[in-house]
Structure formats: structure tokens, C-alpha cells
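Asks: Structure incoming, see below.
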Amino acid sequence: MDFARFVQIYLVQGGFALFFLYMAYIVLKRGKKHLHLYLSGFYLTTAIGGIINIIYANIFDATIVYIMHFLTYYLFCFSMVFLLLFTLILIKPAEKIKIKFQLLLLVIFGLLILGLLFIPNGIIIDESTNWKPDWSWIFFIYSIIVCTSIVILPNLYYSIKIYTKFENEYLKKKWKYFMIGICAYFFLYYGTSFSNTLNNDTFRFIWSLISLPTLISLYLIYHGVGRQLE
């Protein structure tokens, strides 16, 4: 395992997973309402993905590694739908966002992301790639289109809409922290996806250094609104 991969897996993603597990616990400890469940769902899903990634880093069976790598990325993407539902419930009362709609959004987005699994040679990760993921550009583009159109752009749109509605400067400041936090996560999503597609050792190393401080920004999701949840 080279230094860049060690930093990316054990420092960035390992710290990422532990931090998010702790955040999920803190949010659930504050309550079990829809807002708490969706925000903790975001943290928990991402944490599980990070833990799976750490586990398979020292496994050298091509089939197992392929499945675990895909599952890691699937959870990394799927966690973003919880952020969208969290934002939607903030802008509209939970009663107005029907449970059927919430479940439908979860199922549709989950199935669309699962579609990545059926792209021929979308992921190659075995001895020939030195056990580093090598994605096809079709795999990358499909993921970017689905995640950007279904969860990222709507989340940014409604987040900005909420921000413009606030007249209280303190609330605007808190919401700005939240927006910085989710943008940091989206930045990690795009950067990690591109790094795996480019499959260049130099870029992987640069990305591992860039993504490390982003972890600090992710705390702002909780600092912005999580601490105010009742």
C-alpha cells in the first residue's frame, strides 16, 4: 500500500467514519423525529461506507473487493438523499411531505445508484490495478448525472431558498455553516469519483492531501443546524 492510499483510507476515510459515527450518535441522542432520523441517517450511512472501505483495503480476493468497493461507493452516494430529505422537511412541515413521497425518493434514488452495478467494466479493482479502483468514464458520468440531478442540485436550491427566507442574522449565519458543510461533502463526492476514474497516482496523492482538511468543514453540517434540533 503506497503512502497516498494509506492517507486516503486510514486518515481521511478512517477519520471520516469515526467522526460520522459519533455525529450519528449525538443527533439520535437529541431526539427521534424525522429531522433527527434523516440527519443521523446521513452520518450513519457514510460511516458504514467508510468502515467497509477500511476493511477491504487489506483483502486480496477480486470478487470480495469488487463487491465491497461498490457497496462503499453506493453508501457514499446514497447518504446524500438523507440530506435532501432533511432540507425538504426544514423548508416544509413534515406533514406536508408525505411518507409515500419520502419512501419513493429513497427507493428511486437507491435503484438509480444501483444501476451503476450493471455498467460493463464500470469498476476494475484487482491485482492488475494494484488493488486500486479504476472506473470507466461511463460509470463516472452516470453517477455524476444521477447524483447531481436527483439530490445535489435540489439540495443546493432548497438550501439557498431557506437562507434567503431568514431575516435573523444569527439564523442566517448558522444556516451558512450548514451550506458550507454540505458543499464540502459534495466536493468530496466529486473529487473522489474523479480520482477513481482518472486513476493517476500523482492525482490520488494530491487529492488525499486536499480532502483531509475537508473533514473539518463537514462538522459544520452539525454545527449549523444539528445542535439546534430539539
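In the C-alpha cells, chains take the letters A, B, ... in the order shown, each chain's residues start at 1, and ligands count up from 1 in the order shown.
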Excluding stretch 94-104 of chain A and residues on its chain fewer than 4 positions from it, collect all residues at most 12 Å away from it, counting only C-alpha atoms, and give them as a ChimeraX atom specification.

Replies: /A:33-35,38,81-82,84-90,108-111

Asks: Taking all heavy atoms for each residue, export the selection above as a compact mmCIF listing (two decimals), in the first residue's frame.

Replies:
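The new file again33.txt reads:
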# COMPACT_ATOMS: atom_id res chain seq x y z
N LYS A 33 -37.24 12.44 15.96
CA LYS A 33 -38.15 12.99 14.96
C LYS A 33 -37.56 12.77 13.57
O LYS A 33 -36.42 12.33 13.42
CB LYS A 33 -38.36 14.49 15.22
CG LYS A 33 -39.05 14.78 16.55
CD LYS A 33 -39.20 16.28 16.75
CE LYS A 33 -39.86 16.60 18.09
NZ LYS A 33 -39.95 18.06 18.34
N HIS A 34 -38.35 13.13 12.53
CA HIS A 34 -37.90 12.94 11.16
C HIS A 34 -36.56 13.63 10.91
O HIS A 34 -35.67 13.07 10.26
CB HIS A 34 -38.95 13.48 10.18
CG HIS A 34 -40.10 12.56 9.96
ND1 HIS A 34 -41.18 12.51 10.81
CD2 HIS A 34 -40.33 11.62 9.00
CE1 HIS A 34 -42.04 11.61 10.38
NE2 HIS A 34 -41.55 11.05 9.29
N LEU A 35 -36.43 14.85 11.41
CA LEU A 35 -35.19 15.59 11.19
C LEU A 35 -33.99 14.87 11.79
O LEU A 35 -32.93 14.77 11.17
CB LEU A 35 -35.30 17.01 11.80
CG LEU A 35 -36.19 17.99 11.04
CD1 LEU A 35 -36.35 19.28 11.84
CD2 LEU A 35 -35.59 18.30 9.67
N TYR A 38 -33.22 11.59 9.68
CA TYR A 38 -32.58 11.80 8.38
C TYR A 38 -31.15 12.32 8.51
O TYR A 38 -30.27 11.90 7.76
CB TYR A 38 -33.42 12.74 7.52
CG TYR A 38 -34.65 12.08 6.95
CD1 TYR A 38 -35.89 12.70 6.96
CD2 TYR A 38 -34.57 10.79 6.40
CE1 TYR A 38 -37.02 12.07 6.45
CE2 TYR A 38 -35.69 10.15 5.89
CZ TYR A 38 -36.91 10.80 5.92
OH TYR A 38 -38.02 10.17 5.41
N VAL A 81 -29.14 11.47 -0.17
CA VAL A 81 -30.60 11.61 -0.24
C VAL A 81 -31.16 11.94 1.15
O VAL A 81 -32.20 12.61 1.26
CB VAL A 81 -31.24 10.33 -0.82
CG1 VAL A 81 -31.27 9.20 0.18
CG2 VAL A 81 -32.65 10.62 -1.33
N PHE A 82 -30.50 11.50 2.21
CA PHE A 82 -30.94 11.84 3.56
C PHE A 82 -30.77 13.34 3.82
O PHE A 82 -31.59 13.97 4.50
CB PHE A 82 -30.16 11.04 4.60
CG PHE A 82 -30.48 9.58 4.61
CD1 PHE A 82 -29.53 8.64 4.27
CD2 PHE A 82 -31.76 9.13 4.92
CE1 PHE A 82 -29.83 7.29 4.28
CE2 PHE A 82 -32.07 7.78 4.93
CZ PHE A 82 -31.10 6.86 4.60
N LEU A 84 -31.01 15.64 1.52
CA LEU A 84 -32.08 16.29 0.77
C LEU A 84 -33.40 16.24 1.54
O LEU A 84 -34.10 17.25 1.66
CB LEU A 84 -32.26 15.64 -0.60
CG LEU A 84 -33.42 16.18 -1.45
CD1 LEU A 84 -33.28 17.67 -1.71
CD2 LEU A 84 -33.51 15.41 -2.77
N LEU A 85 -33.74 15.08 2.08
CA LEU A 85 -34.98 14.95 2.85
C LEU A 85 -34.94 15.82 4.10
O LEU A 85 -35.95 16.42 4.49
CB LEU A 85 -35.20 13.49 3.23
CG LEU A 85 -35.67 12.58 2.08
CD1 LEU A 85 -35.55 11.12 2.46
CD2 LEU A 85 -37.10 12.93 1.68
N PHE A 86 -33.78 15.90 4.73
CA PHE A 86 -33.61 16.77 5.90
C PHE A 86 -33.91 18.22 5.54
O PHE A 86 -34.65 18.92 6.25
CB PHE A 86 -32.17 16.63 6.41
CG PHE A 86 -31.84 17.53 7.57
CD1 PHE A 86 -32.20 17.19 8.86
CD2 PHE A 86 -31.16 18.73 7.37
CE1 PHE A 86 -31.89 18.01 9.94
CE2 PHE A 86 -30.84 19.56 8.44
CZ PHE A 86 -31.21 19.20 9.72
N THR A 87 -33.37 18.67 4.41
CA THR A 87 -33.59 20.05 3.96
C THR A 87 -35.04 20.29 3.58
O THR A 87 -35.61 21.34 3.89
CB THR A 87 -32.68 20.37 2.76
OG1 THR A 87 -31.32 20.10 3.11
CG2 THR A 87 -32.79 21.83 2.35
N LEU A 88 -35.66 19.32 2.90
CA LEU A 88 -37.06 19.47 2.49
C LEU A 88 -37.99 19.61 3.69
O LEU A 88 -38.93 20.41 3.67
CB LEU A 88 -37.49 18.26 1.64
CG LEU A 88 -36.94 18.20 0.22
CD1 LEU A 88 -37.32 16.87 -0.43
CD2 LEU A 88 -37.46 19.36 -0.62
N ILE A 89 -37.72 18.83 4.73
CA ILE A 89 -38.57 18.89 5.92
C ILE A 89 -38.36 20.21 6.67
O ILE A 89 -39.27 20.72 7.32
CB ILE A 89 -38.30 17.68 6.84
CG1 ILE A 89 -38.82 16.41 6.16
CG2 ILE A 89 -38.99 17.84 8.20
CD1 ILE A 89 -38.53 15.14 6.90
N LEU A 90 -37.18 20.77 6.55
CA LEU A 90 -36.94 22.07 7.18
C LEU A 90 -37.70 23.19 6.48
O LEU A 90 -38.19 24.12 7.12
CB LEU A 90 -35.44 22.40 7.17
CG LEU A 90 -34.59 21.79 8.28
CD1 LEU A 90 -33.12 22.14 8.07
CD2 LEU A 90 -35.05 22.27 9.65
N ILE A 108 -36.35 5.24 -5.40
CA ILE A 108 -35.96 5.60 -6.77
C ILE A 108 -34.48 5.95 -6.84
O ILE A 108 -33.75 5.45 -7.72
CB ILE A 108 -36.81 6.78 -7.30
CG1 ILE A 108 -38.24 6.31 -7.55
CG2 ILE A 108 -36.22 7.34 -8.59
CD1 ILE A 108 -39.19 7.41 -7.97
N PHE A 109 -34.02 6.77 -5.91
CA PHE A 109 -32.61 7.14 -5.93
C PHE A 109 -31.72 5.91 -5.67
O PHE A 109 -30.69 5.73 -6.32
CB PHE A 109 -32.32 8.22 -4.89
CG PHE A 109 -30.91 8.71 -4.91
CD1 PHE A 109 -30.41 9.40 -6.00
CD2 PHE A 109 -30.06 8.49 -3.83
CE1 PHE A 109 -29.10 9.86 -6.04
CE2 PHE A 109 -28.75 8.94 -3.85
CZ PHE A 109 -28.26 9.62 -4.96
N GLY A 110 -32.16 5.06 -4.74
CA GLY A 110 -31.40 3.85 -4.45
C GLY A 110 -31.27 2.94 -5.66
O GLY A 110 -30.20 2.39 -5.94
N LEU A 111 -32.37 2.80 -6.41
CA LEU A 111 -32.35 1.95 -7.60
C LEU A 111 -31.50 2.56 -8.71
O LEU A 111 -30.79 1.83 -9.44
CB LEU A 111 -33.78 1.72 -8.11
CG LEU A 111 -34.66 0.83 -7.23
CD1 LEU A 111 -36.08 0.78 -7.77
CD2 LEU A 111 -34.08 -0.59 -7.14

Asks: With only C-alpha atoms as the basis for distance, which of A:Asn199, A:Thr45, A:Gln13, A:Asn121 is at the shortest distance from A:Phe78?

Replies: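 Smallest distance to A:Phe78 is found for A:Thr45.
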
Asks: Based on DSSP run over this structure's backbone, return all residues of stretch 67-138 of chain A in strand (DSSP E or B), as a list in words.

Replies: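 Residues of stretch 67-138 of chain A classed as strand (DSSP E or B): Ile123, Ile124, Asp134 and Trp135 of chain A.
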
Asks: Store the residues of this selection in a file with all heavy atoms, as an mmCIF file, in the first residue's frame.

Replies:
data_model
loop_
_atom_site.group_PDB
_atom_site.id
_atom_site.type_symbol
_atom_site.label_atom_id
_atom_site.label_comp_id
_atom_site.auth_asym_id
_atom_site.auth_seq_id
_atom_site.Cartn_x
_atom_site.Cartn_y
_atom_site.Cartn_z
ATOM 1 N N ILE A 123 -16.222 -0.851 -13.019
ATOM 2 C CA ILE A 123 -15.184 -0.853 -11.985
ATOM 3 C C ILE A 123 -14.225 -2.009 -12.244
ATOM 4 O O ILE A 123 -14.660 -3.135 -12.463
ATOM 5 C CB ILE A 123 -15.777 -1.038 -10.574
ATOM 6 C CG1 ILE A 123 -16.750 0.078 -10.214
ATOM 7 C CG2 ILE A 123 -14.662 -1.113 -9.529
ATOM 8 C CD1 ILE A 123 -17.489 -0.164 -8.906
ATOM 9 N N ILE A 124 -12.953 -1.692 -12.227
ATOM 10 C CA ILE A 124 -11.924 -2.734 -12.240
ATOM 11 C C ILE A 124 -11.064 -2.512 -11.008
ATOM 12 O O ILE A 124 -10.482 -1.430 -10.825
ATOM 13 C CB ILE A 124 -11.046 -2.672 -13.507
ATOM 14 C CG1 ILE A 124 -11.904 -2.882 -14.758
ATOM 15 C CG2 ILE A 124 -9.942 -3.735 -13.435
ATOM 16 C CD1 ILE A 124 -11.135 -2.742 -16.048
ATOM 17 N N ASP A 134 -10.331 1.422 -10.515
ATOM 18 C CA ASP A 134 -10.193 2.075 -11.816
ATOM 19 C C ASP A 134 -11.568 2.068 -12.465
ATOM 20 O O ASP A 134 -12.067 1.021 -12.869
ATOM 21 C CB ASP A 134 -9.169 1.309 -12.671
ATOM 22 C CG ASP A 134 -8.946 1.967 -14.028
ATOM 23 O OD1 ASP A 134 -9.447 3.089 -14.238
ATOM 24 O OD2 ASP A 134 -8.274 1.349 -14.881
ATOM 25 N N TRP A 135 -12.192 3.244 -12.546
ATOM 26 C CA TRP A 135 -13.550 3.342 -13.071
ATOM 27 C C TRP A 135 -13.542 3.730 -14.539
ATOM 28 O O TRP A 135 -12.642 4.443 -15.001
ATOM 29 C CB TRP A 135 -14.352 4.400 -12.308
ATOM 30 C CG TRP A 135 -14.570 4.118 -10.858
ATOM 31 C CD1 TRP A 135 -14.212 2.995 -10.164
ATOM 32 C CD2 TRP A 135 -15.211 4.984 -9.920
ATOM 33 N NE1 TRP A 135 -14.594 3.109 -8.853
ATOM 34 C CE2 TRP A 135 -15.197 4.316 -8.667
ATOM 35 C CE3 TRP A 135 -15.782 6.241 -10.006
ATOM 36 C CZ2 TRP A 135 -15.750 4.891 -7.520
ATOM 37 C CZ3 TRP A 135 -16.327 6.810 -8.871
ATOM 38 C CH2 TRP A 135 -16.316 6.136 -7.638
#

Asks: Could you check the closest approach to A:Ile180 for each of A:Leu117, A:Leu75, A:Ile221, A:Ile144 and tell me which residue wins, using only C-alpha atoms?

Replies: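 Between A:Leu117, A:Leu75, A:Ile221, A:Ile144, the residue approaching A:Ile180 most closely is A:Ile221.
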
Asks: Counting only C-alpha atoms, what is within 8 Å of stretch 154-171 of chain A, bar same-chain residues fewer than 3 positions away, as an MDAnalysis selection string?

Replies: chainID A and resid 83:84 87:88 91 149:151 174:176 179

Asks: Report as an NGL selection string all protein, DNA and RNA residues lying within 12 Å of A:Gly115, evaluated on only C-alpha atoms, omitting residues in the same chain fewer than 3 positions from it.

Replies: :A and (70 or 74 or 108-112 or 118-120 or 122 or 138-139 or 142-143 or 146)

Asks: If I take atom CA of A:Phe6 and atom CA of A:Tyr190, how far is one from the other in Å, to one decimal?

Replies: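 Atom CA of A:Tyr190 lies at a distance of 20.1 Å from atom CA of A:Phe6.
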
Asks: Quick one: distance from atom CA of A:Leu153 to atom CA of A:Asn196 in Å, one decimal?

Replies: 22.5 Å

Asks: Output as a VMD selection string all residues of stretch 23-217 of chain A that backbone DSSP marks as alpha helix (DSSP H).

Replies: chain A and resid 23 to 30 34 to 56 62 to 91 99 to 114 137 to 147 153 to 165 169 to 198 201 to 211 214 to 217

Asks: For A:Gly49, list every protein, DNA or RNA residue within 6 Å, evaluated using only C-alpha atoms, and leave out those in the same chain fewer than 2 positions away; present the list as a list in words.

Replies: Thr46, Ala47, Ile51, Ile52, Thr72 and Leu75 of chain A

Asks: Can you spit out the residues from that selection as a PDB file, in the first residue's frame, using N, CA, C and O atoms?

Replies:
ATOM      1  N   THR A  46     -22.845   7.069   5.714  1.00  0.00           N
ATOM      2  CA  THR A  46     -21.495   7.405   5.284  1.00  0.00           C
ATOM      3  C   THR A  46     -20.451   6.707   6.136  1.00  0.00           C
ATOM      4  O   THR A  46     -19.422   6.229   5.630  1.00  0.00           O
ATOM      5  N   ALA A  47     -20.702   6.635   7.441  1.00  0.00           N
ATOM      6  CA  ALA A  47     -19.757   5.979   8.353  1.00  0.00           C
ATOM      7  C   ALA A  47     -19.610   4.496   8.021  1.00  0.00           C
ATOM      8  O   ALA A  47     -18.491   3.968   7.985  1.00  0.00           O
ATOM      9  N   ILE A  51     -16.213   2.445   6.907  1.00  0.00           N
ATOM     10  CA  ILE A  51     -15.727   1.262   7.631  1.00  0.00           C
ATOM     11  C   ILE A  51     -15.517   0.091   6.670  1.00  0.00           C
ATOM     12  O   ILE A  51     -14.510  -0.624   6.751  1.00  0.00           O
ATOM     13  N   ILE A  52     -16.465  -0.108   5.746  1.00  0.00           N
ATOM     14  CA  ILE A  52     -16.331  -1.177   4.752  1.00  0.00           C
ATOM     15  C   ILE A  52     -15.082  -0.952   3.904  1.00  0.00           C
ATOM     16  O   ILE A  52     -14.335  -1.880   3.592  1.00  0.00           O
ATOM     17  N   THR A  72     -19.261   0.401  -0.747  1.00  0.00           N
ATOM     18  CA  THR A  72     -18.739   1.626  -0.141  1.00  0.00           C
ATOM     19  C   THR A  72     -19.204   2.855  -0.904  1.00  0.00           C
ATOM     20  O   THR A  72     -19.707   3.821  -0.330  1.00  0.00           O
ATOM     21  N   LEU A  75     -23.083   3.513  -0.676  1.00  0.00           N
ATOM     22  CA  LEU A  75     -23.490   4.166   0.576  1.00  0.00           C
ATOM     23  C   LEU A  75     -23.038   5.622   0.600  1.00  0.00           C
ATOM     24  O   LEU A  75     -23.746   6.494   1.121  1.00  0.00           O
TER      25      LEU A  75
END
